[in-house]
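*Asks:* For reference, the structure I am asking about is given below.
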Amino acid sequence: MSSHQFKGDSMSFPNTRMRRMRRDDFSRRLMREHQLTVNDLIWPTFVCEGKNVREPVGSMPGVNRLSLDQLLIDAERAAKLKVPAIALFPVTPLEAKSLDAAEAWNPMGLAQRAVRELKKHFPEVGVITDVALDPFTTHGQDGLINDDGYVVNDDTTAALVKQALSHAEAGADVVAPSDMMDGRIGAIREALEAQGSANTRILSYAAKYASSFYGPFRDAVGSAGNLGKGNKYTYQMDPANSNEALHEIALDLEEGADMVMIKPGMPYLDIVRRVKDEFKVPTFVYQVSGEYAMLKAASQNGWLSEQAVVLESLLAMKRAGADGILTYYALDAAEWLRAG
Ligand SMILES: NCc1[nH]cc(CCC(=O)O)c1CC(=O)O
Ligand SMILES: [Mg+2]
């Protein structure tokens, strides 16, 4: 036994001074446990019809609805910054919306055209499509409704399968069901296999909460007006629940999801941590529109320092266990990270 054996209280002051390691930049860097890099970022973006359109989203300053020619300009920026993937959200013209949401699987639909354009010009950038009916239904719900206005599960799933297949056909690398119907991951997986799209990945919005932080998004895609006073409580998760998220995620993995997502982000990092600890699978988190709006508004008022708080919020998601983050700040963050 060494004569320098620590005493029982060796972990206490002054043997241990936590501030020693924090004193200098070199030792702070050496002990850093987590890192945010450009490889962690997915850029969600809104696409619309037309040419030369960059239409600002009122509740998301700095975010625009882009016509396909403009999308290519911003996608080039993403490609140059080596942002791994883009997630597409189409803004459907009112006249293309219907009760049966048929525009969702139109091979010449906006999302399908956007996928083809992106894959043609930037094959190295991953393209993720949103599988859900809300941009296409006249009532703004993510699924088909019955006479009582209830979103029916199995018929909706059949529609989602058609939508997912049309995205895969157009060349989407990843389909991302964000609708929260039961059983849709299995149904989509089976259909992809049957269609010969065995390598199309599925990113499941597995634990998607019925959150009020989605407000600006519904504004951006124009589903807010359609939804009116409606809500999504009968299919999205109750913010009060945590164990239920593990149940949801277990089911989606069993059905064939390659990646799972928790959404929203910052108020739900406890869920991210539990999911990562429990399943150890590729786990993603969505810094949603309302989070973006909060950070942007406070920054614009000079109340918060934008770059610092945004990078901190994203790093906190990594620390919670996320492998990647969907964020409207993706391109800015990639630039800040490169400059830093
Ligand atoms: N399928 C709808 C969908 N897909 C992504 C978001 C929200 C994203 C955000 O707020 O940034 C929503 C909104 C909703 O569920 O009403
Ligand atoms: Mg589910």
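As shown in the structure tokens, the chain order sets the letters A, B, ...; within each chain, residues go from 1, and ligands are also counted from 1 in the order they appear.
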Please identify all protein, DNA and RNA residues within 7 Å of ligand 1, counting only C-alpha atoms and all ligand atoms, and report them as number ranges by chain.

*Replies:* A: 130, 132-134, 142, 178-179, 213-218, 287-290

*Asks:* Could those selected residues go to a file with C-alpha atoms, as an mmCIF file, in the first residue's frame?

*Replies:*
data_model
loop_
_atom_site.group_PDB
_atom_site.id
_atom_site.type_symbol
_atom_site.label_atom_id
_atom_site.label_comp_id
_atom_site.auth_asym_id
_atom_site.auth_seq_id
_atom_site.Cartn_x
_atom_site.Cartn_y
_atom_site.Cartn_z
ATOM 1 C CA ASP A 130 -42.127 14.366 -44.520
ATOM 2 C CA ALA A 132 -47.998 13.051 -43.228
ATOM 3 C CA LEU A 133 -51.173 14.379 -44.768
ATOM 4 C CA ASP A 134 -51.560 17.751 -43.039
ATOM 5 C CA ASP A 142 -52.334 14.678 -40.420
ATOM 6 C CA SER A 178 -44.485 12.568 -38.753
ATOM 7 C CA ASP A 179 -48.145 11.661 -38.433
ATOM 8 C CA PHE A 213 -44.397 24.862 -30.097
ATOM 9 C CA TYR A 214 -45.457 23.893 -33.652
ATOM 10 C CA GLY A 215 -47.447 27.090 -34.201
ATOM 11 C CA PRO A 216 -45.013 28.864 -36.534
ATOM 12 C CA PHE A 217 -44.592 25.706 -38.665
ATOM 13 C CA ARG A 218 -48.336 25.504 -39.276
ATOM 14 C CA GLN A 287 -35.604 21.879 -32.587
ATOM 15 C CA VAL A 288 -39.038 22.927 -33.767
ATOM 16 C CA SER A 289 -40.412 26.134 -35.207
ATOM 17 C CA GLY A 290 -41.506 27.562 -31.854
#

*Asks:* Can you work out which residues are within 6 Å of ligand 2, considering only C-alpha atoms and all ligand atoms, and then hand them over as number ranges by chain?

*Replies:* A: 180, 182, 206, 248

*Asks:* May I ask which of the residues A:Leu227, A:Leu331, A:Leu192, A:Ala111 is the closest one to Gln141 of chain A, counting only C-alpha atoms?

*Replies:*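 Nearest candidate to Gln141 of chain A out of A:Leu227, A:Leu331, A:Leu192, A:Ala111: A:Leu227.
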
*Asks:* Using only C-alpha atoms, I'd like a table of the residues in segment 175-222 of chain A that come within 10 Å of segment 241-245 of chain A; for each, show the closest atom pair and its distance in Å rounded to one decimal, ordered by chain and ascending number, as JSON lines.

*Replies:*
{"residue": "A:Ala206", "atom": "CA", "partner": "A:Ala245", "partner_atom": "CA", "distance": 7.6}
{"residue": "A:Ala207", "atom": "CA", "partner": "A:Ala245", "partner_atom": "CA", "distance": 5.3}
{"residue": "A:Lys208", "atom": "CA", "partner": "A:Ala245", "partner_atom": "CA", "distance": 8.4}
{"residue": "A:Tyr209", "atom": "CA", "partner": "A:Asn241", "partner_atom": "CA", "distance": 9.0}

*Asks:* What's the 7 Å shell around segment 120-129 of chain A, counting only C-alpha atoms, without same-chain residues fewer than 2 positions away, as a ChimeraX atom specification?

*Replies:* /A:79,84-88,115-118,131,167,172-176

*Asks:* Write out, as a PDB file, in the first residue's frame, the residues just selected, with N, CA and C atoms.

*Replies:*
ATOM      1  N   ALA A  79     -24.725  22.101 -49.254  1.00  0.00           N
ATOM      2  CA  ALA A  79     -23.770  21.117 -49.786  1.00  0.00           C
ATOM      3  C   ALA A  79     -22.336  21.579 -49.525  1.00  0.00           C
ATOM      4  N   PRO A  84     -25.249  17.328 -43.675  1.00  0.00           N
ATOM      5  CA  PRO A  84     -25.531  15.989 -44.202  1.00  0.00           C
ATOM      6  C   PRO A  84     -26.871  15.845 -44.930  1.00  0.00           C
ATOM      7  N   ALA A  85     -27.901  16.536 -44.452  1.00  0.00           N
ATOM      8  CA  ALA A  85     -29.209  16.258 -45.036  1.00  0.00           C
ATOM      9  C   ALA A  85     -30.167  17.445 -44.950  1.00  0.00           C
ATOM     10  N   ILE A  86     -31.111  17.427 -45.887  1.00  0.00           N
ATOM     11  CA  ILE A  86     -32.175  18.435 -45.957  1.00  0.00           C
ATOM     12  C   ILE A  86     -33.515  17.730 -45.761  1.00  0.00           C
ATOM     13  N   ALA A  87     -34.369  18.321 -44.926  1.00  0.00           N
ATOM     14  CA  ALA A  87     -35.719  17.781 -44.733  1.00  0.00           C
ATOM     15  C   ALA A  87     -36.719  18.724 -45.397  1.00  0.00           C
ATOM     16  N   LEU A  88     -37.510  18.190 -46.318  1.00  0.00           N
ATOM     17  CA  LEU A  88     -38.398  19.021 -47.139  1.00  0.00           C
ATOM     18  C   LEU A  88     -39.819  19.083 -46.604  1.00  0.00           C
ATOM     19  N   VAL A 115     -37.561  16.702 -54.516  1.00  0.00           N
ATOM     20  CA  VAL A 115     -36.628  15.589 -54.295  1.00  0.00           C
ATOM     21  C   VAL A 115     -35.802  15.350 -55.560  1.00  0.00           C
ATOM     22  N   ARG A 116     -36.491  15.271 -56.699  1.00  0.00           N
ATOM     23  CA  ARG A 116     -35.775  14.985 -57.951  1.00  0.00           C
ATOM     24  C   ARG A 116     -34.748  16.067 -58.259  1.00  0.00           C
ATOM     25  N   GLU A 117     -35.147  17.320 -58.078  1.00  0.00           N
ATOM     26  CA  GLU A 117     -34.218  18.434 -58.345  1.00  0.00           C
ATOM     27  C   GLU A 117     -32.989  18.347 -57.437  1.00  0.00           C
ATOM     28  N   LEU A 118     -33.249  18.124 -56.161  1.00  0.00           N
ATOM     29  CA  LEU A 118     -32.128  18.075 -55.205  1.00  0.00           C
ATOM     30  C   LEU A 118     -31.191  16.916 -55.522  1.00  0.00           C
ATOM     31  N   VAL A 131     -43.599  12.474 -44.272  1.00  0.00           N
ATOM     32  CA  VAL A 131     -44.746  11.634 -44.606  1.00  0.00           C
ATOM     33  C   VAL A 131     -45.850  11.932 -43.594  1.00  0.00           C
ATOM     34  N   HIS A 167     -42.472   9.157 -52.630  1.00  0.00           N
ATOM     35  CA  HIS A 167     -41.235   9.863 -52.267  1.00  0.00           C
ATOM     36  C   HIS A 167     -40.014   9.006 -52.611  1.00  0.00           C
ATOM     37  N   ALA A 172     -36.097   9.958 -52.784  1.00  0.00           N
ATOM     38  CA  ALA A 172     -35.820  10.337 -51.391  1.00  0.00           C
ATOM     39  C   ALA A 172     -34.933   9.280 -50.727  1.00  0.00           C
ATOM     40  N   ASP A 173     -33.950   9.737 -49.998  1.00  0.00           N
ATOM     41  CA  ASP A 173     -33.060   8.813 -49.272  1.00  0.00           C
ATOM     42  C   ASP A 173     -33.706   8.315 -47.996  1.00  0.00           C
ATOM     43  N   VAL A 174     -34.487   9.206 -47.392  1.00  0.00           N
ATOM     44  CA  VAL A 174     -35.098   8.918 -46.093  1.00  0.00           C
ATOM     45  C   VAL A 174     -36.548   9.380 -46.134  1.00  0.00           C
ATOM     46  N   VAL A 175     -37.467   8.530 -45.720  1.00  0.00           N
ATOM     47  CA  VAL A 175     -38.843   8.996 -45.529  1.00  0.00           C
ATOM     48  C   VAL A 175     -39.082   9.115 -44.023  1.00  0.00           C
ATOM     49  N   ALA A 176     -39.749  10.195 -43.657  1.00  0.00           N
ATOM     50  CA  ALA A 176     -39.896  10.499 -42.236  1.00  0.00           C
ATOM     51  C   ALA A 176     -41.374  10.683 -41.871  1.00  0.00           C
TER      52      ALA A 176
END

*Asks:* Can you pull out the residues contacting Ile185 of chain A? Cut-off 6 Å, using only C-alpha atoms, and skip same-chain residues under 3 positions away; I want them as a list in words.

*Replies:*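 These residues fall inside the cut-off: Ile188, Arg189 and Glu255 of chain A.
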
*Asks:* Quick one: distance from atom CA of Thr137 of chain A to atom CA of Thr92 of chain A in Å, one decimal?

*Replies:*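 According to the coordinates, atom CA of Thr137 of chain A and atom CA of Thr92 of chain A are separated by 9.5 Å.
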
*Asks:* I need the residues in segment 112-212 of chain A that are alpha helix (DSSP H) according to DSSP; give them as a PyMOL selection string.

*Replies:* chain A and resi 112-121+153-170+184-195

*Asks:* Residues of the last selection are to be written out with N, CA and C atoms, as a tab-separated table (two decimals), in the first residue's frame.

*Replies:*
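Output (out-v6.tsv):
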chain	number	residue	atom	x	y	z
A	112	GLN	N	-42.28	15.78	-54.45
A	112	GLN	CA	-41.64	14.82	-55.35
A	112	GLN	C	-40.72	15.54	-56.34
A	113	ARG	N	-41.17	16.70	-56.86
A	113	ARG	CA	-40.31	17.46	-57.78
A	113	ARG	C	-39.08	18.00	-57.05
A	114	ALA	N	-39.28	18.45	-55.84
A	114	ALA	CA	-38.16	18.99	-55.06
A	114	ALA	C	-37.10	17.90	-54.82
A	115	VAL	N	-37.56	16.70	-54.52
A	115	VAL	CA	-36.63	15.59	-54.30
A	115	VAL	C	-35.80	15.35	-55.56
A	116	ARG	N	-36.49	15.27	-56.70
A	116	ARG	CA	-35.77	14.99	-57.95
A	116	ARG	C	-34.75	16.07	-58.26
A	117	GLU	N	-35.15	17.32	-58.08
A	117	GLU	CA	-34.22	18.43	-58.34
A	117	GLU	C	-32.99	18.35	-57.44
A	118	LEU	N	-33.25	18.12	-56.16
A	118	LEU	CA	-32.13	18.08	-55.21
A	118	LEU	C	-31.19	16.92	-55.52
A	119	LYS	N	-31.76	15.75	-55.79
A	119	LYS	CA	-30.89	14.59	-56.03
A	119	LYS	C	-30.13	14.73	-57.35
A	120	LYS	N	-30.74	15.45	-58.30
A	120	LYS	CA	-30.05	15.66	-59.57
A	120	LYS	C	-28.83	16.57	-59.38
A	121	HIS	N	-29.00	17.63	-58.61
A	121	HIS	CA	-27.92	18.63	-58.49
A	121	HIS	C	-26.95	18.34	-57.36
A	153	ASN	N	-57.26	5.72	-38.22
A	153	ASN	CA	-55.88	5.21	-38.27
A	153	ASN	C	-55.53	4.43	-39.55
A	154	ASP	N	-56.27	3.37	-39.79
A	154	ASP	CA	-55.81	2.41	-40.81
A	154	ASP	C	-55.95	2.94	-42.24
A	155	ASP	N	-57.02	3.68	-42.50
A	155	ASP	CA	-57.15	4.28	-43.83
A	155	ASP	C	-56.07	5.34	-44.04
A	156	THR	N	-55.75	6.05	-42.97
A	156	THR	CA	-54.67	7.03	-43.08
A	156	THR	C	-53.35	6.33	-43.40
A	157	THR	N	-53.11	5.22	-42.72
A	157	THR	CA	-51.86	4.49	-42.97
A	157	THR	C	-51.76	4.06	-44.44
A	158	ALA	N	-52.87	3.62	-45.00
A	158	ALA	CA	-52.85	3.22	-46.41
A	158	ALA	C	-52.46	4.41	-47.30
A	159	ALA	N	-52.95	5.59	-46.94
A	159	ALA	CA	-52.60	6.80	-47.71
A	159	ALA	C	-51.12	7.15	-47.50
A	160	LEU	N	-50.65	7.00	-46.28
A	160	LEU	CA	-49.25	7.32	-45.99
A	160	LEU	C	-48.30	6.40	-46.76
A	161	VAL	N	-48.72	5.15	-46.92
A	161	VAL	CA	-47.90	4.20	-47.68
A	161	VAL	C	-47.75	4.69	-49.12
A	162	LYS	N	-48.86	5.13	-49.71
A	162	LYS	CA	-48.79	5.65	-51.08
A	162	LYS	C	-47.87	6.86	-51.16
A	163	GLN	N	-47.98	7.72	-50.15
A	163	GLN	CA	-47.15	8.92	-50.13
A	163	GLN	C	-45.67	8.55	-50.00
A	164	ALA	N	-45.37	7.65	-49.08
A	164	ALA	CA	-43.97	7.25	-48.86
A	164	ALA	C	-43.39	6.59	-50.11
A	165	LEU	N	-44.18	5.75	-50.76
A	165	LEU	CA	-43.70	5.09	-51.98
A	165	LEU	C	-43.40	6.12	-53.08
A	166	SER	N	-44.24	7.13	-53.18
A	166	SER	CA	-44.01	8.14	-54.22
A	166	SER	C	-42.76	8.95	-53.91
A	167	HIS	N	-42.47	9.16	-52.63
A	167	HIS	CA	-41.24	9.86	-52.27
A	167	HIS	C	-40.01	9.01	-52.61
A	168	ALA	N	-40.10	7.73	-52.28
A	168	ALA	CA	-38.98	6.82	-52.57
A	168	ALA	C	-38.75	6.73	-54.08
A	169	GLU	N	-39.85	6.65	-54.80
A	169	GLU	CA	-39.78	6.60	-56.27
A	169	GLU	C	-39.09	7.84	-56.82
A	170	ALA	N	-39.35	8.99	-56.21
A	170	ALA	CA	-38.74	10.24	-56.66
A	170	ALA	C	-37.26	10.31	-56.28
A	184	ARG	N	-47.89	2.51	-38.87
A	184	ARG	CA	-47.52	3.00	-40.21
A	184	ARG	C	-46.07	2.67	-40.56
A	185	ILE	N	-45.20	2.54	-39.58
A	185	ILE	CA	-43.80	2.22	-39.90
A	185	ILE	C	-43.72	0.82	-40.53
A	186	GLY	N	-44.40	-0.14	-39.92
A	186	GLY	CA	-44.40	-1.50	-40.46
A	186	GLY	C	-44.99	-1.55	-41.86
A	187	ALA	N	-46.10	-0.83	-42.05
A	187	ALA	CA	-46.77	-0.83	-43.36
A	187	ALA	C	-45.86	-0.20	-44.42
A	188	ILE	N	-45.21	0.89	-44.07
A	188	ILE	CA	-44.32	1.56	-45.04
A	188	ILE	C	-43.10	0.69	-45.32
A	189	ARG	N	-42.56	0.10	-44.30
A	189	ARG	CA	-41.38	-0.76	-44.48
A	189	ARG	C	-41.69	-1.91	-45.42
A	190	GLU	N	-42.83	-2.55	-45.18
A	190	GLU	CA	-43.22	-3.68	-46.02
A	190	GLU	C	-43.40	-3.25	-47.48
A	191	ALA	N	-44.05	-2.10	-47.66
A	191	ALA	CA	-44.30	-1.62	-49.03
A	191	ALA	C	-43.00	-1.23	-49.72
A	192	LEU	N	-42.08	-0.64	-48.99
A	192	LEU	CA	-40.79	-0.27	-49.59
A	192	LEU	C	-40.04	-1.51	-50.04
A	193	GLU	N	-40.04	-2.52	-49.20
A	193	GLU	CA	-39.40	-3.79	-49.56
A	193	GLU	C	-40.02	-4.35	-50.84
A	194	ALA	N	-41.35	-4.35	-50.87
A	194	ALA	CA	-42.06	-4.93	-52.02
A	194	ALA	C	-41.78	-4.14	-53.30
A	195	GLN	N	-41.57	-2.83	-53.15
A	195	GLN	CA	-41.34	-1.97	-54.32
A	195	GLN	C	-39.87	-2.03	-54.77

*Asks:* Pick from A:Ser27, A:Thr283, A:Asn146, A:Thr138: nearest to Leu203 of chain A, with only C-alpha atoms counted?

*Replies:*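 The answer is A:Thr283, which sits nearest to Leu203 of chain A.
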
*Asks:* May I have all residues of segment 97-324 of chain A that DSSP, computed from the backbone, assigns to strand (DSSP E), given as a ChimeraX atom specification?

*Replies:* /A:126-131,174-177,201-208,259-263,283-287,324

*Asks:* For the atom pair atom CA of Gln35 of chain A and atom CA of Glu312 of chain A, what is the interatomic distance in Å to one decimal place?

*Replies:* 10.6 Å

*Asks:* How far is it from atom CA of Ala333 of chain A to atom CA of Lys318 of chain A, in Å with one decimal?

*Replies:* 14.0 Å

*Asks:* Go through A:His139, A:Phe26, A:Ile202, A:Tyr233 one by one, measure the shortest atom-to-atom distance of each to Lys97 of chain A using only C-alpha atoms, and give the residue with the smallest value.

*Replies:*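 Of A:His139, A:Phe26, A:Ile202, A:Tyr233, the one nearest Lys97 of chain A, counting only C-alpha atoms, is A:His139.
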
*Asks:* So which one's closest to Leu253 of chain A, A:Gly183, A:Pro93, A:Pro14, A:Gly171? Using only C-alpha atoms, please.

*Replies:*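 Comparing A:Gly183, A:Pro93, A:Pro14, A:Gly171 against Leu253 of chain A, the winner is A:Gly183.
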
*Asks:* Would you pick out the contacts of Gly140 of chain A at 10 Å or less, using only C-alpha atoms, so that residues sharing its chain but fewer than 3 positions from it are not included, and give the list as a list in words?

*Replies:* Lys97, Ser98, Leu99, Ala101, Leu133, Asp134, Pro135, Phe136, Thr137, Gly143, Leu144, Arg218, Gly222, Ser223, Ala224, Gly225, Asn226, Leu227, Gly228, Gly230, Asn231 and Lys232 of chain A

*Asks:* Go ahead and write the residues just picked, N, CA and C atoms, as a JSON list (two decimals), in the first residue's frame.

*Replies:*
[["chain", "number", "residue", "atom", "x", "y", "z"],
["A", 97, "LYS", "N", -55.48, 21.04, -52.10],
["A", 97, "LYS", "CA", -55.86, 20.31, -50.89],
["A", 97, "LYS", "C", -57.22, 19.65, -51.09],
["A", 98, "SER", "N", -57.41, 18.54, -50.41],
["A", 98, "SER", "CA", -58.68, 17.83, -50.55],
["A", 98, "SER", "C", -58.95, 17.01, -49.30],
["A", 99, "LEU", "N", -60.11, 16.40, -49.23],
["A", 99, "LEU", "CA", -60.45, 15.57, -48.08],
["A", 99, "LEU", "C", -59.63, 14.28, -48.08],
["A", 101, "ALA", "N", -56.61, 13.97, -49.54],
["A", 101, "ALA", "CA", -55.18, 14.31, -49.55],
["A", 101, "ALA", "C", -54.42, 13.70, -50.72],
["A", 133, "LEU", "N", -50.20, 13.83, -43.82],
["A", 133, "LEU", "CA", -51.17, 14.38, -44.77],
["A", 133, "LEU", "C", -51.54, 15.84, -44.51],
["A", 134, "ASP", "N", -51.07, 16.41, -43.40],
["A", 134, "ASP", "CA", -51.56, 17.75, -43.04],
["A", 134, "ASP", "C", -51.36, 18.85, -44.09],
["A", 135, "PRO", "N", -50.29, 18.82, -44.90],
["A", 135, "PRO", "CA", -50.21, 19.89, -45.91],
["A", 135, "PRO", "C", -51.22, 19.70, -47.04],
["A", 136, "PHE", "N", -51.89, 18.56, -47.07],
["A", 136, "PHE", "CA", -52.73, 18.21, -48.22],
["A", 136, "PHE", "C", -54.21, 18.08, -47.91],
["A", 137, "THR", "N", -54.56, 18.09, -46.61],
["A", 137, "THR", "CA", -55.97, 17.95, -46.25],
["A", 137, "THR", "C", -56.61, 19.33, -46.05],
["A", 143, "GLY", "N", -54.18, 13.17, -40.90],
["A", 143, "GLY", "CA", -54.77, 11.96, -41.46],
["A", 143, "GLY", "C", -56.14, 12.23, -42.03],
["A", 144, "LEU", "N", -56.79, 11.15, -42.46],
["A", 144, "LEU", "CA", -58.14, 11.23, -43.01],
["A", 144, "LEU", "C", -59.14, 11.20, -41.86],
["A", 218, "ARG", "N", -47.01, 25.59, -38.64],
["A", 218, "ARG", "CA", -48.34, 25.50, -39.28],
["A", 218, "ARG", "C", -48.63, 26.78, -40.05],
["A", 222, "GLY", "N", -48.96, 26.76, -44.07],
["A", 222, "GLY", "CA", -50.32, 27.17, -44.37],
["A", 222, "GLY", "C", -51.38, 26.19, -43.92],
["A", 223, "SER", "N", -51.06, 25.36, -42.90],
["A", 223, "SER", "CA", -52.08, 24.44, -42.40],
["A", 223, "SER", "C", -52.80, 25.00, -41.19],
["A", 224, "ALA", "N", -52.28, 26.11, -40.65],
["A", 224, "ALA", "CA", -52.87, 26.70, -39.44],
["A", 224, "ALA", "C", -54.31, 27.11, -39.69],
["A", 225, "GLY", "N", -54.53, 27.79, -40.82],
["A", 225, "GLY", "CA", -55.88, 28.25, -41.17],
["A", 225, "GLY", "C", -56.83, 27.08, -41.34],
["A", 226, "ASN", "N", -56.33, 26.01, -41.98],
["A", 226, "ASN", "CA", -57.17, 24.84, -42.20],
["A", 226, "ASN", "C", -57.54, 24.16, -40.89],
["A", 227, "LEU", "N", -56.56, 24.11, -39.98],
["A", 227, "LEU", "CA", -56.75, 23.41, -38.72],
["A", 227, "LEU", "C", -57.68, 24.20, -37.80],
["A", 228, "GLY", "N", -57.63, 25.52, -37.92],
["A", 228, "GLY", "CA", -58.47, 26.38, -37.09],
["A", 228, "GLY", "C", -58.29, 26.11, -35.61],
["A", 230, "GLY", "N", -58.85, 23.33, -34.27],
["A", 230, "GLY", "CA", -58.60, 21.90, -34.10],
["A", 230, "GLY", "C", -57.30, 21.63, -33.37],
["A", 231, "ASN", "N", -57.17, 20.40, -32.89],
["A", 231, "ASN", "CA", -55.91, 20.02, -32.24],
["A", 231, "ASN", "C", -55.58, 18.59, -32.66],
["A", 232, "LYS", "N", -54.43, 18.10, -32.19],
["A", 232, "LYS", "CA", -53.96, 16.78, -32.61],
["A", 232, "LYS", "C", -53.82, 15.82, -31.43]]

*Asks:* Given only C-alpha atoms as the basis, pick out the residue of A:Met261, A:Met181, A:Val47, A:Ala330 nearest to Val151 of chain A.

*Replies:* A:Met181
